[in-house]
>>> print(open('run-v9.txt').read())   # compact mmCIF, C-alpha atoms
# COMPACT_ATOMS: atom_id res chain seq x y z
CA MET A 22 -14.47 52.11 7.28
CA SER A 23 -11.88 49.34 7.48
CA ARG A 24 -12.73 45.78 8.50
CA ASN A 25 -11.25 46.52 11.92
CA ASP A 26 -13.44 49.62 12.25
CA GLU A 27 -16.57 47.67 11.41
CA ALA A 28 -15.70 44.77 13.71
CA TRP A 29 -14.89 47.01 16.67
CA GLU A 30 -18.11 49.01 16.20
CA LYS A 31 -20.00 45.73 16.61
CA LEU A 32 -17.90 44.64 19.61
CA PHE A 33 -18.35 47.99 21.36
CA ALA A 34 -22.10 47.70 20.96
CA ARG A 35 -22.27 43.99 21.85
CA HIS A 36 -20.17 44.34 25.04
CA ALA A 37 -21.21 47.88 26.04
CA ILE A 38 -17.50 48.83 26.13
CA ILE A 39 -17.92 52.61 26.34
CA GLU A 40 -20.42 52.22 29.17
CA ALA A 41 -18.04 49.89 31.04
CA VAL A 42 -15.12 52.32 30.67
CA LYS A 43 -17.27 55.20 31.94
CA ARG A 44 -18.47 53.12 34.89
CA ASP A 45 -15.30 51.20 35.86
CA GLY A 46 -12.52 53.10 34.13
CA PHE A 47 -11.69 50.10 31.92
CA CYS A 48 -13.21 47.14 30.10
CA GLU A 49 -11.68 43.67 29.79
CA ILE A 50 -12.49 41.64 26.69
CA SER A 51 -11.49 38.08 25.90
CA ALA A 52 -9.66 36.98 22.79
CA ASP A 53 -12.51 34.55 22.12
CA SER A 54 -15.02 37.41 22.10
CA ILE A 55 -12.90 39.25 19.54
CA ARG A 56 -12.31 36.11 17.49
CA VAL A 57 -16.04 35.80 16.82
CA LEU A 58 -15.62 38.63 14.32
CA ARG A 59 -11.92 38.55 13.40
CA GLU A 60 -8.54 37.22 14.55
CA PRO A 61 -7.40 39.09 17.72
CA ARG A 62 -3.87 39.61 16.37
CA LEU A 63 -5.37 41.61 13.46
CA MET A 64 -7.85 43.39 15.67
CA THR A 65 -5.45 44.58 18.38
CA LYS A 66 -2.18 45.40 16.59
CA PHE A 67 -2.19 49.21 16.57
CA ASP A 68 1.51 50.12 16.47
CA HIS A 69 0.72 53.82 15.98
CA ARG A 70 -1.99 56.05 17.38
CA VAL A 71 -3.40 56.78 13.93
CA ASN A 72 -3.97 53.03 13.39
CA LEU A 73 -6.59 52.94 16.14
CA PRO A 74 -10.10 52.16 14.89
CA ARG A 75 -12.36 55.18 14.64
CA ILE A 76 -14.40 54.27 17.73
CA PHE A 77 -11.18 54.10 19.81
CA ALA A 78 -9.90 57.42 18.48
CA ASP A 79 -13.26 59.18 18.92
CA ASN A 80 -13.40 58.12 22.57
CA GLY A 81 -9.70 58.52 23.44
CA LEU A 82 -9.22 54.80 24.09
CA ALA A 83 -6.39 52.30 23.56
CA VAL A 84 -5.98 48.56 24.10
CA LEU A 85 -3.31 46.50 25.88
CA PRO A 86 -2.83 42.72 26.12
CA LEU A 87 -3.05 41.22 29.62
CA SER A 88 -2.44 37.64 28.50
CA ARG A 89 -2.77 35.50 25.39
CA SER A 90 -6.50 35.32 26.05
CA ALA A 91 -7.48 38.74 27.41
CA TYR A 92 -7.16 42.44 26.60
CA VAL A 93 -8.05 45.62 28.46
CA ILE A 94 -9.49 48.80 26.92
CA ALA A 95 -9.25 52.17 28.66
CA ALA A 96 -8.21 55.78 28.11
CA PHE A 97 -4.53 54.81 28.31
CA SER A 98 -1.55 57.02 27.48
CA ALA A 99 -0.21 54.17 25.39
CA TYR A 100 1.96 55.89 22.76
CA ALA A 101 5.16 57.96 22.66
CA GLU A 102 6.12 60.50 20.00
CA ILE A 103 9.33 59.94 18.02
CA PRO A 104 11.61 63.00 17.71
CA ARG A 105 12.58 62.98 14.04
CA GLU A 106 14.29 66.39 13.78
CA ALA A 107 17.55 65.39 12.10
CA SER A 108 19.34 68.68 12.83
CA ALA A 109 19.18 67.94 16.57
CA MET A 110 20.94 64.57 16.26
CA PRO A 111 24.62 63.69 16.19
CA VAL A 112 25.46 62.16 12.80
CA GLN A 113 28.22 59.70 11.97
CA THR A 114 29.23 58.33 8.57
CA VAL A 115 29.74 54.57 8.38
CA ARG A 116 30.99 52.13 5.74
CA PRO A 117 30.15 48.43 5.63
CA PRO A 118 33.09 46.13 4.83
CA ALA A 119 33.67 46.17 1.06
CA TYR A 120 33.88 42.37 0.87
CA LEU A 121 30.29 41.85 2.08
CA GLN A 122 28.28 41.27 -1.10
CA SER A 123 25.16 39.84 0.52
CA LEU A 124 24.72 42.91 2.74
CA SER A 125 24.59 45.44 -0.08
CA SER A 126 22.05 48.20 0.54
CA SER A 127 20.07 46.80 -2.40
CA TYR A 128 19.21 43.73 -0.32
CA VAL A 129 18.16 45.47 2.89
CA THR A 130 14.44 44.77 2.60
CA SER A 131 13.53 43.67 6.13
CA GLU A 132 14.12 44.62 9.75
CA ALA A 133 16.22 41.49 10.28
CA VAL A 134 18.61 42.34 7.43
CA ALA A 135 18.77 46.00 8.49
CA LEU A 136 19.84 44.89 11.98
CA HIS A 137 22.63 42.76 10.48
CA TYR A 138 23.62 45.66 8.20
CA ALA A 139 23.95 47.91 11.26
CA GLY A 140 26.18 45.29 12.89
CA ALA A 141 28.38 45.09 9.80
CA CYS A 142 28.80 48.89 9.94
CA GLY A 143 29.95 48.72 13.58
CA ILE A 144 26.93 50.65 14.81
CA TRP A 145 26.01 48.50 17.81
CA GLU A 146 29.42 48.76 19.49
CA ASP A 147 29.50 52.51 18.89
CA PHE A 148 25.99 53.34 20.04
CA LEU A 149 25.93 50.99 23.02
CA GLU A 150 29.53 51.91 23.92
CA GLU A 151 30.43 48.29 24.62
CA GLU A 152 32.84 45.89 22.94
CA GLY A 153 32.51 42.15 22.54
CA LEU A 154 28.74 42.25 22.08
CA THR A 155 26.90 38.99 21.38
CA PRO A 156 23.49 38.69 19.66
CA THR A 157 21.17 36.76 21.97
CA VAL A 158 17.37 36.51 22.25
CA SER A 159 14.88 37.34 19.49
CA GLY A 160 11.46 36.33 18.24
CA ARG A 161 8.11 35.79 19.91
CA MET A 162 7.88 34.78 23.55
CA GLY A 163 5.68 35.07 26.63
CA SER A 164 5.95 38.14 28.83
CA GLY A 165 6.02 36.28 32.14
CA LYS A 166 4.06 37.70 35.09
CA PHE A 167 4.35 41.28 36.27
CA GLU A 168 2.20 44.19 37.36
CA PHE A 169 2.58 47.85 36.43
CA ARG A 170 0.98 51.26 36.70
CA ILE A 171 -0.17 53.24 33.69
CA ASN A 172 -1.66 56.71 33.19
CA THR A 173 -5.25 57.14 32.03
CA THR A 174 -7.38 60.25 31.71
CA GLY A 175 -8.97 59.25 35.01
CA GLY A 176 -5.67 58.81 36.83
CA GLU A 177 -3.24 55.94 37.36
CA ARG A 178 -4.39 52.35 36.99
CA CYS A 179 -2.63 49.13 38.04
CA LEU A 180 -2.63 46.20 35.60
CA ASP A 181 -1.51 42.58 35.90
CA VAL A 182 0.09 40.85 32.91
CA CYS A 183 0.41 37.08 32.66
CA ASN A 184 2.24 35.59 29.67
CA ALA A 185 1.03 38.04 27.06
CA GLN A 186 2.76 37.53 23.74
CA LEU A 187 5.59 39.88 22.83
CA GLU A 188 8.26 40.02 20.15
CA ILE A 189 11.89 41.10 20.33
CA ASP A 190 13.54 41.97 17.01
CA ALA A 191 17.10 41.61 18.32
CA ALA A 192 19.16 41.73 21.50
CA TRP A 193 22.84 42.53 22.02
CA GLU A 194 24.48 41.61 25.29
CA GLY A 195 27.82 42.74 26.61
CA ARG A 196 29.52 42.49 29.96
CA GLY A 197 27.72 45.58 31.23
CA SER A 198 24.20 45.42 29.80
CA LEU A 199 21.55 43.69 27.70
CA ALA A 200 20.12 45.86 24.91
CA LEU A 201 16.69 44.93 23.51
CA ILE A 202 15.96 46.28 20.03
CA GLU A 203 12.63 47.27 18.48
CA ALA A 204 13.29 47.74 14.74
CA LYS A 205 11.25 49.51 12.07
CA MET A 206 11.76 50.01 8.35
CA ASP A 207 9.16 52.77 8.11
CA LEU A 208 9.20 56.34 9.43
CA PRO A 209 6.32 56.65 11.91
CA GLU A 210 5.48 59.64 14.07
CA ASP A 211 5.02 57.56 17.23
CA PHE A 212 5.23 54.03 18.63
CA HIS A 213 3.38 51.86 21.12
CA ILE A 214 5.30 51.99 24.42
CA ARG A 215 4.27 48.36 25.01
CA GLN A 216 6.80 47.32 22.33
CA LEU A 217 9.60 48.47 24.63
CA TYR A 218 8.00 48.05 28.05
CA TYR A 219 6.87 44.40 27.98
CA PRO A 220 10.30 43.09 26.80
CA PHE A 221 12.00 45.37 29.36
CA ARG A 222 9.93 43.94 32.22
CA LEU A 223 10.40 40.34 31.05
CA TRP A 224 14.19 40.50 30.87
CA SER A 225 14.63 42.75 33.91
CA ASN A 226 13.19 39.81 35.85
CA ARG A 227 15.61 37.35 34.20
CA VAL A 228 19.01 39.07 34.25
CA THR A 229 20.89 41.01 36.89
CA LYS A 230 22.63 43.49 34.55
CA PRO A 231 20.89 46.66 33.25
CA VAL A 232 18.34 46.14 30.45
CA ARG A 233 18.45 48.85 27.79
CA SER A 234 15.56 49.69 25.42
CA ILE A 235 16.53 50.72 21.88
CA PHE A 236 14.21 51.92 19.11
CA PHE A 237 15.93 51.36 15.75
CA ASN A 238 14.96 52.72 12.35
CA TYR A 239 16.50 52.14 8.92
CA SER A 240 15.68 53.77 5.59
CA ASP A 241 17.65 54.91 2.54
CA GLY A 242 21.06 54.10 4.01
CA ILE A 243 20.28 55.98 7.24
CA PHE A 244 20.16 54.29 10.65
CA THR A 245 18.46 56.25 13.44
CA LEU A 246 18.77 54.92 16.98
CA TYR A 247 17.01 56.09 20.14
CA GLU A 248 17.77 54.78 23.62
CA TYR A 249 14.98 54.96 26.18
CA SER A 250 14.91 54.24 29.89
CA PHE A 251 12.05 53.74 32.35
CA ALA A 252 12.70 56.01 35.34
CA ASP A 253 10.29 53.89 37.38
CA PRO A 254 10.48 50.27 36.14
CA PHE A 255 6.97 49.66 37.47
CA HIS A 256 5.40 52.61 35.62
CA TYR A 257 4.59 52.26 31.93
CA ASN A 258 4.64 56.03 31.35
CA SER A 259 8.01 56.74 32.99
CA LEU A 260 9.67 56.45 29.57
CA ASN A 261 12.54 58.88 28.97
CA LEU A 262 14.59 59.42 25.82
CA ILE A 263 18.21 59.47 26.97
CA ARG A 264 20.19 59.28 23.71
CA LYS A 265 19.73 59.46 19.95
CA LYS A 266 22.07 59.27 17.00
CA ARG A 267 22.02 58.89 13.22
CA TYR A 268 24.44 56.84 11.15
CA VAL A 269 24.64 57.47 7.41
CA VAL A 270 26.17 54.99 4.97
CA ALA A 271 28.85 56.84 3.00
CA THR A 272 28.14 57.39 -0.70
CA ASP A 273 30.72 60.11 -1.42
CA ILE A 274 28.25 62.21 -3.41
CA SER A 275 29.68 65.67 -4.01
CA ARG A 276 28.48 69.08 -5.14
CA ARG A 277 30.07 68.30 -8.48
CA ASP A 278 27.74 65.31 -8.81
CA LEU A 279 24.74 67.56 -8.28
CA GLU A 280 26.02 70.06 -10.82
CA HIS A 281 26.47 67.21 -13.29
CA LEU A 282 22.88 66.09 -12.67
CA LEU A 283 21.68 69.61 -13.48
CA GLN A 284 23.67 69.69 -16.70
CA ALA A 285 22.52 66.22 -17.75
CA ALA A 286 18.84 66.67 -16.80
CA ILE A 287 16.48 66.00 -19.69
CA PRO A 288 13.37 68.12 -19.17
CA GLU A 289 10.08 66.24 -19.32
CA GLU A 290 6.57 67.48 -19.93
CA GLU A 291 4.69 67.79 -16.67
CA PRO A 292 2.60 64.66 -15.99
CA ALA A 293 -1.17 64.62 -15.51
CA GLU A 294 -0.60 63.98 -11.81
CA PRO A 295 -1.09 67.13 -9.72
CA PHE A 296 2.02 68.90 -8.46
CA PRO A 297 3.17 66.98 -5.35
CA GLN A 298 2.22 67.97 -1.81
CA ALA A 299 4.45 65.63 0.18
CA ASP A 300 6.99 67.70 2.08
CA ASP A 301 9.16 64.91 3.51
CA PHE A 302 11.04 63.37 0.59
CA ILE A 303 12.63 60.69 2.76
CA ARG A 304 9.10 59.30 3.21
CA VAL A 305 8.71 59.10 -0.57
CA VAL A 306 11.96 57.12 -0.68
CA ASN A 307 10.83 54.92 2.19
CA LEU A 308 7.55 54.20 0.40
CA LEU A 309 9.57 53.07 -2.63
CA GLU A 310 11.49 50.73 -0.31
CA LEU A 311 8.21 49.33 1.02
CA LEU A 312 6.83 48.76 -2.50
CA ASN A 313 10.10 47.09 -3.46
CA VAL A 314 9.09 44.32 -1.05
CA GLN A 315 5.41 44.05 -1.93
CA PRO A 316 2.46 46.02 -3.36
CA VAL A 317 0.38 47.79 -0.71
CA SER A 318 -3.04 49.37 -0.38
CA ALA A 319 -3.69 52.94 0.72
CA GLU A 320 -4.81 51.53 4.08
CA ASP A 321 -1.45 49.71 4.42
CA ILE A 322 0.45 52.95 3.74
CA ALA A 323 -1.55 54.82 6.37
CA ALA A 324 -0.95 52.02 8.90
CA ARG A 325 2.81 51.79 8.29
CA TYR A 326 3.51 55.52 8.42
CA SER A 327 1.01 56.69 11.05
CA PHE A 328 -0.60 58.65 8.21
CA THR A 329 -4.16 59.75 7.67
CA ALA A 330 -5.76 58.45 4.46
CA ARG A 331 -5.24 61.90 2.89
CA GLN A 332 -1.51 61.92 3.71
CA ALA A 333 -1.13 58.41 2.30
CA ALA A 334 -2.73 59.60 -0.94
CA TYR A 335 -0.33 62.57 -1.14
CA TYR A 336 2.76 60.38 -0.89
CA SER A 337 1.62 57.72 -3.36
CA ALA A 338 0.66 60.53 -5.79
CA ALA A 339 4.17 62.00 -5.37
CA GLY A 340 5.64 58.65 -6.44
CA ARG A 341 3.43 58.59 -9.53
CA TYR A 342 4.40 62.19 -10.33
CA LEU A 343 8.03 61.02 -10.49
CA GLY A 344 7.08 58.04 -12.66
CA LEU A 345 8.34 55.59 -10.00
CA MET A 346 5.00 54.27 -8.73
CA ALA A 347 1.78 53.11 -10.32
CA GLN A 348 -1.58 51.64 -9.35
CA GLU A 349 -3.08 48.27 -10.16
CA ARG A 350 -6.76 47.46 -9.82
CA THR A 351 -8.36 44.12 -9.09
CA GLY A 352 -12.09 44.68 -9.08
CA ALA A 353 -12.75 47.44 -6.55
CA ALA A 354 -9.40 46.94 -4.83
CA VAL A 355 -6.52 49.32 -5.63
CA ARG A 356 -2.90 48.55 -4.77
CA HIS A 357 0.16 50.74 -5.15
CA ILE A 358 3.14 49.19 -6.95
CA LEU A 359 6.52 50.21 -8.34
CA SER A 360 6.53 51.21 -12.00
CA GLU A 361 9.03 49.55 -14.30
CA GLN A 362 11.30 52.59 -13.87
CA GLY A 363 10.86 52.33 -10.09
CA ARG A 364 11.82 48.64 -10.08
CA ARG A 365 15.00 49.36 -12.05
CA LEU A 366 15.91 52.22 -9.73
CA MET A 367 15.44 50.20 -6.55
CA LYS A 368 17.88 47.53 -7.77
CA LEU A 369 20.73 50.05 -7.92
CA PRO A 370 23.45 50.34 -5.25
CA LEU A 371 22.83 53.12 -2.72
CA ARG A 372 24.97 55.82 -4.33
CA GLU A 373 23.57 55.23 -7.83
CA ARG A 374 20.03 54.93 -6.47
CA ARG A 375 20.21 58.27 -4.70
CA LEU A 376 21.59 59.98 -7.79
CA ALA A 377 18.88 58.37 -9.95
CA LEU A 378 16.20 59.59 -7.51
CA ALA A 379 17.62 63.11 -7.67
CA ALA A 380 17.66 62.88 -11.48
CA ALA A 381 13.97 61.84 -11.48
CA VAL A 382 13.15 64.95 -9.44
CA LEU A 383 15.24 67.25 -11.65
CA LYS A 384 13.36 66.28 -14.80
CA HIS A 385 10.72 68.71 -13.53
CA SER A 386 11.48 72.36 -14.16
CA VAL A 387 10.42 73.78 -10.77
CA PHE A 388 12.81 71.49 -8.91
CA ARG A 389 15.56 71.91 -11.47
CA GLU A 390 15.48 75.70 -11.31
CA THR A 391 15.25 75.68 -7.53
CA LEU A 392 18.37 73.52 -7.24
CA ARG A 393 20.13 75.73 -9.78
CA LEU A 394 19.36 78.73 -7.58
CA ALA A 395 20.52 76.84 -4.46
CA LEU A 396 23.88 76.07 -6.08
CA ALA A 397 24.36 79.56 -7.51
CA GLY A 398 26.31 80.73 -4.46
CA ASN A 399 30.08 80.89 -4.56
CA GLY A 400 31.07 77.52 -3.09
CA THR A 401 28.09 77.26 -0.71
CA ALA A 402 24.63 75.83 -1.24
CA GLU A 403 21.70 77.68 0.29
CA LEU A 404 18.08 76.59 0.19
CA PRO A 405 16.00 79.28 -1.60
CA SER A 406 13.24 81.05 0.31
CA ARG A 407 9.58 80.21 -0.22
CA ASN A 408 9.09 83.53 -2.02
CA GLU A 409 11.87 82.67 -4.47
CA ILE A 410 10.38 79.22 -5.06
CA VAL A 411 6.89 80.66 -5.58
CA HIS A 412 8.35 82.95 -8.25
CA ILE A 413 9.86 79.91 -10.01
CA MET A 414 6.55 78.04 -9.75
CA ARG A 415 4.57 80.92 -11.25
CA GLU A 416 6.90 80.90 -14.24
CA ALA A 417 6.39 77.13 -14.70
CA SER A 418 2.59 77.07 -14.05
CA PRO A 419 2.54 73.52 -12.61
CA CYS A 420 -0.62 71.41 -12.79
CA GLY A 421 -3.17 71.93 -10.04
CA VAL A 422 -1.45 74.89 -8.37
CA GLU A 423 -3.69 77.93 -8.22
CA GLY A 424 -4.13 80.65 -5.65
CA GLU A 425 -1.58 82.33 -3.41
CA SER A 426 -1.93 79.97 -0.44
CA THR A 427 -1.60 76.88 -2.66
CA PHE A 428 1.61 78.20 -4.20
CA PHE A 429 3.13 78.68 -0.75
CA ARG A 430 2.01 75.24 0.47
CA ARG A 431 3.52 73.53 -2.59
CA ALA A 432 6.70 75.59 -2.12
CA SER A 433 7.16 73.67 1.15
CA THR A 434 7.27 70.44 -0.86
CA VAL A 435 9.84 71.90 -3.24
CA ARG A 436 12.02 73.03 -0.33
CA GLY A 437 11.74 69.59 1.30
CA TRP A 438 12.76 67.74 -1.87
CA ILE A 439 15.63 70.08 -2.68
CA ARG A 440 16.83 69.88 0.93
CA TRP A 441 17.03 66.09 0.51
CA ILE A 442 19.12 66.52 -2.66
CA LEU A 443 21.49 69.03 -1.03
CA GLU A 444 21.93 66.77 1.99
CA LEU A 445 23.21 63.99 -0.28
CA CYS A 446 26.51 65.85 -0.20
CA GLU A 447 26.65 65.76 3.62
>>> encode(input="run-v9.txt", output="structure tokens")
Amino acid sequence: MSRNDEAWEKLFARHAIIEAVKRDGFCEISADSIRVLREPRLMTKFDHRVNLPRIFADNGLAVLPLSRSAYVIAAFSAYAEIPREASAMPVQTVRPPAYLQSLSSSYVTSEAVALHYAGACGIWEDFLEEEGLTPTVSGRMGSGKFEFRINTTGGERCLDVCNAQLEIDAAWEGRGSLALIEAKMDLPEDFHIRQLYYPFRLWSNRVTKPVRSIFFNYSDGIFTLYEYSFADPFHYNSLNLIRKKRYVVATDISRRDLEHLLQAAIPEEEPAEPFPQADDFIRVVNLLELLNVQPVSAEDIAARYSFTARQAAYYSAAGRYLGLMAQERTGAAVRHILSEQGRRLMKLPLRERRLALAAAVLKHSVFRETLRLALAGNGTAELPSRNEIVHIMREASPCGVEGESTFFRRASTVRGWIRWILELCE
């Protein structure tokens, strides 16, 4: 159990929270009551559903701030899923101005820099469909006073908010609207609606023009933007996704580059690490980006990516399989870090970094032969079937892969990684 889990178990018992929710439909708890065990900001920041302490998850509960000194716990519908299916999104290639040296992709290590990088690529004007935009408010601020309705398992509930703390990552204002941006550098499955709703309510009370809510994500030279609206401004759960689009920084990687990587690949002996079971390679890349900023624990990885502990272990093991991540131990504590090879790779410009990542994958025979098969067509690349990949895997006998079902599950990882390589050309 994490420190948050342990602290909330004690608070639930001390304040009879489950009993209060069953009796009244909710339970209010003061920041001072939480602070007895741990700082409220650490105890109540659950950006993703999977971050919720075990006692919340087991009882279908969530927490919302009412003010700087009070929180409410109930069976709220507090989170929204993020549609990450890339094939369903319009995609546009962008190029930052060549003269900008300080905004190289190598230096995009925070949400703030990623937001500036998007501006340099002309993304805000395109996505918001407004010219002459000006960056305005950002940072922490009070929410002001407002009331709203929210869904719970027992029906709608009305809540009053009075100067709860919120944070706005960026805002762009044009003649026609004010766009408030929530930015992330990770790739979560969901987000806390509060991150959009509280800023929306604050600024809807302050300006007369429409307030737009934008969820922004950046990783590996890819910007993904989602615009949401609240059909009923007074209802927390009236959130609707109205637009989404991806912008990809041009790297001009071609099929010929991939063929050259195949020819130049130097086969390596399979490492002691088990064959990877991490289907989404872009998450492996994103984890490298996170470690390029600071070492993290397994708990940190799970929190950032809305992962379970088991999923977090799969993705860190995939990084070690490629020789790009390592572990360091301090007593009983274990942190994940970049290996020396990983640190060198993450310093490269985007094009070279992507090619180096592909080369690290192609040192392993299963991936190399799968890509060779994918490129065997006359002028077209086609992802091999799982059956074809399983045949390649049986020939290679990778570590830790035994049994028919395991071969097919690991084939999904191979397909995911080779898909990422093929999409470098797009």
>>> atom_distance(input="run-v9.txt", atom1="CA of Asp241 in chain A", atom2="CA of Ala99 in chain A")
29.0 Å
>>> closest_residue(input="run-v9.txt", among="A:Arg440, A:Asn80, A:Met206, A:Leu199", to="Phe221 in chain A", atoms="all atoms listed in the file")
A:Leu199
>>> residues_around(input="run-v9.txt", residues="range 114-116 of chain A", least_positions_apart="3", cutoff="8 Å", atoms="all atoms listed in the file", output="list of chain:residue names")
A:Cys142, A:Gly143, A:Tyr268, A:Val269, A:Val270, A:Ala271
>>> residues_around(input="run-v9.txt", residues="Gly197 in chain A", least_positions_apart="2", cutoff="8 Å", atoms="all atoms listed in the file", output="VMD selection string")
chain A and resid 151 194 to 195 199 230 to 231
>>> write_last_selection(input="run-v9.txt", atoms="C-alpha atoms", output="short mmCIF file (atom, residue, chain, number, x, y, z; two decimals), in the frame of the given file")
data_model
loop_
_atom_site.label_atom_id
_atom_site.label_comp_id
_atom_site.auth_asym_id
_atom_site.auth_seq_id
_atom_site.Cartn_x
_atom_site.Cartn_y
_atom_site.Cartn_z
CA GLU A 151 30.43 48.29 24.62
CA GLU A 194 24.48 41.61 25.29
CA GLY A 195 27.82 42.74 26.61
CA LEU A 199 21.55 43.69 27.70
CA LYS A 230 22.63 43.49 34.55
CA PRO A 231 20.89 46.66 33.25
#
>>> residues_around(input="run-v9.txt", residues="range 433-439 of chain A", least_positions_apart="5", cutoff="8 Å", atoms="only C-alpha atoms", output="ChimeraX atom specification")
/A:297-302,387-388,391-392,404-405,407,410
>>> closest_residue(input="run-v9.txt", among="A:Arg264, A:Arg331, A:Arg375, A:Arg415", to="Ala109 in chain A", atoms="all atoms listed in the file")
A:Arg264
>>> closest_residue(input="run-v9.txt", among="A:Leu282, A:Glu444, A:Ser360, A:Ala91", to="Glu403 in chain A", atoms="only C-alpha atoms")
A:Glu444
>>> atom_distance(input="run-v9.txt", atom1="CA of Leu376 in chain A", atom2="CA of Ala324 in chain A")
29.2 Å
>>> residues_around(input="run-v9.txt", residues="Arg304 in chain A", least_positions_apart="6", cutoff="10 Å", atoms="all atoms listed in the file", output="list of chain:residue names")
A:Asp207, A:Leu208, A:Pro209, A:Ser240, A:Asp241, A:Glu310, A:Tyr326, A:Tyr336
>>> write_last_selection(input="run-v9.txt", atoms="C-alpha atoms", output="mmCIF file, keeping the file's coordinate frame")
data_model
loop_
_atom_site.group_PDB
_atom_site.id
_atom_site.type_symbol
_atom_site.label_atom_id
_atom_site.label_comp_id
_atom_site.auth_asym_id
_atom_site.auth_seq_id
_atom_site.Cartn_x
_atom_site.Cartn_y
_atom_site.Cartn_z
ATOM 1 C CA ASP A 207 9.160 52.770 8.110
ATOM 2 C CA LEU A 208 9.200 56.340 9.430
ATOM 3 C CA PRO A 209 6.320 56.650 11.910
ATOM 4 C CA SER A 240 15.680 53.770 5.590
ATOM 5 C CA ASP A 241 17.650 54.910 2.540
ATOM 6 C CA GLU A 310 11.490 50.730 -0.310
ATOM 7 C CA TYR A 326 3.510 55.520 8.420
ATOM 8 C CA TYR A 336 2.760 60.380 -0.890
#
>>> residues_around(input="run-v9.txt", residues="Glu361 in chain A", least_positions_apart="5", cutoff="12 Å", atoms="only C-alpha atoms", output="ChimeraX atom specification")
/A:313,341,344-348,366-368
>>> closest_residue(input="run-v9.txt", among="A:Ala28, A:Ile103, A:Ile442, A:Ile50", to="Arg75 in chain A", atoms="only C-alpha atoms")
A:Ala28
>>> closest_residue(input="run-v9.txt", among="A:Asp26, A:Asp211, A:Glu106, A:Glu409", to="Phe328 in chain A", atoms="only C-alpha atoms")
A:Asp211
>>> atom_distance(input="run-v9.txt", atom1="CA of Lys384 in chain A", atom2="CA of Phe244 in chain A")
28.9 Å
>>> closest_residue(input="run-v9.txt", among="A:Val317, A:Ala323, A:Val42, A:Met162", to="Gly81 in chain A", atoms="all atoms listed in the file")
A:Val42
>>> residues_near_point(input="run-v9.txt", point="(24.3, 35.8, 22.0)", cutoff="9 Å", atoms="only C-alpha atoms", output="list of chain:residue names")
A:Leu154, A:Thr155, A:Pro156, A:Thr157, A:Val158, A:Ala192, A:Trp193, A:Glu194
>>> residues_near_point(input="run-v9.txt", point="(4.8, 38.5, 23.7)", cutoff="6 Å", atoms="only C-alpha atoms", output="number ranges by chain")
A: 161-164, 185-188
>>> write_last_selection(input="run-v9.txt", atoms="C-alpha atoms", output="PDB file, keeping the file's coordinate frame")
ATOM      1  CA  ARG A 161       8.110  35.790  19.910  1.00  0.00           C
ATOM      2  CA  MET A 162       7.880  34.780  23.550  1.00  0.00           C
ATOM      3  CA  GLY A 163       5.680  35.070  26.630  1.00  0.00           C
ATOM      4  CA  SER A 164       5.950  38.140  28.830  1.00  0.00           C
ATOM      5  CA  ALA A 185       1.030  38.040  27.060  1.00  0.00           C
ATOM      6  CA  GLN A 186       2.760  37.530  23.740  1.00  0.00           C
ATOM      7  CA  LEU A 187       5.590  39.880  22.830  1.00  0.00           C
ATOM      8  CA  GLU A 188       8.260  40.020  20.150  1.00  0.00           C
TER       9      GLU A 188
END
>>> closest_atom_pairs(input="run-v9.txt", of="range 340-429 of chain A", to="range 283-296 of chain A", cutoff="8 Å", atoms="only C-alpha atoms", output="JSON lines")
{"residue": "A:Arg341", "atom": "CA", "partner": "A:Glu294", "partner_atom": "CA", "distance": 7.1}
{"residue": "A:Tyr342", "atom": "CA", "partner": "A:Glu294", "partner_atom": "CA", "distance": 5.5}
{"residue": "A:Ala380", "atom": "CA", "partner": "A:Ala286", "partner_atom": "CA", "distance": 6.6}
{"residue": "A:Leu383", "atom": "CA", "partner": "A:Ala286", "partner_atom": "CA", "distance": 6.3}
{"residue": "A:Lys384", "atom": "CA", "partner": "A:Pro288", "partner_atom": "CA", "distance": 4.7}
{"residue": "A:His385", "atom": "CA", "partner": "A:Pro288", "partner_atom": "CA", "distance": 6.3}
{"residue": "A:Ser386", "atom": "CA", "partner": "A:Pro288", "partner_atom": "CA", "distance": 6.8}
{"residue": "A:Arg389", "atom": "CA", "partner": "A:Leu283", "partner_atom": "CA", "distance": 6.8}
{"residue": "A:Arg393", "atom": "CA", "partner": "A:Leu283", "partner_atom": "CA", "distance": 7.3}
{"residue": "A:Pro419", "atom": "CA", "partner": "A:Phe296", "partner_atom": "CA", "distance": 6.2}
{"residue": "A:Cys420", "atom": "CA", "partner": "A:Pro295", "partner_atom": "CA", "distance": 5.3}
{"residue": "A:Gly421", "atom": "CA", "partner": "A:Pro295", "partner_atom": "CA", "distance": 5.2}
{"residue": "A:Val422", "atom": "CA", "partner": "A:Phe296", "partner_atom": "CA", "distance": 6.9}
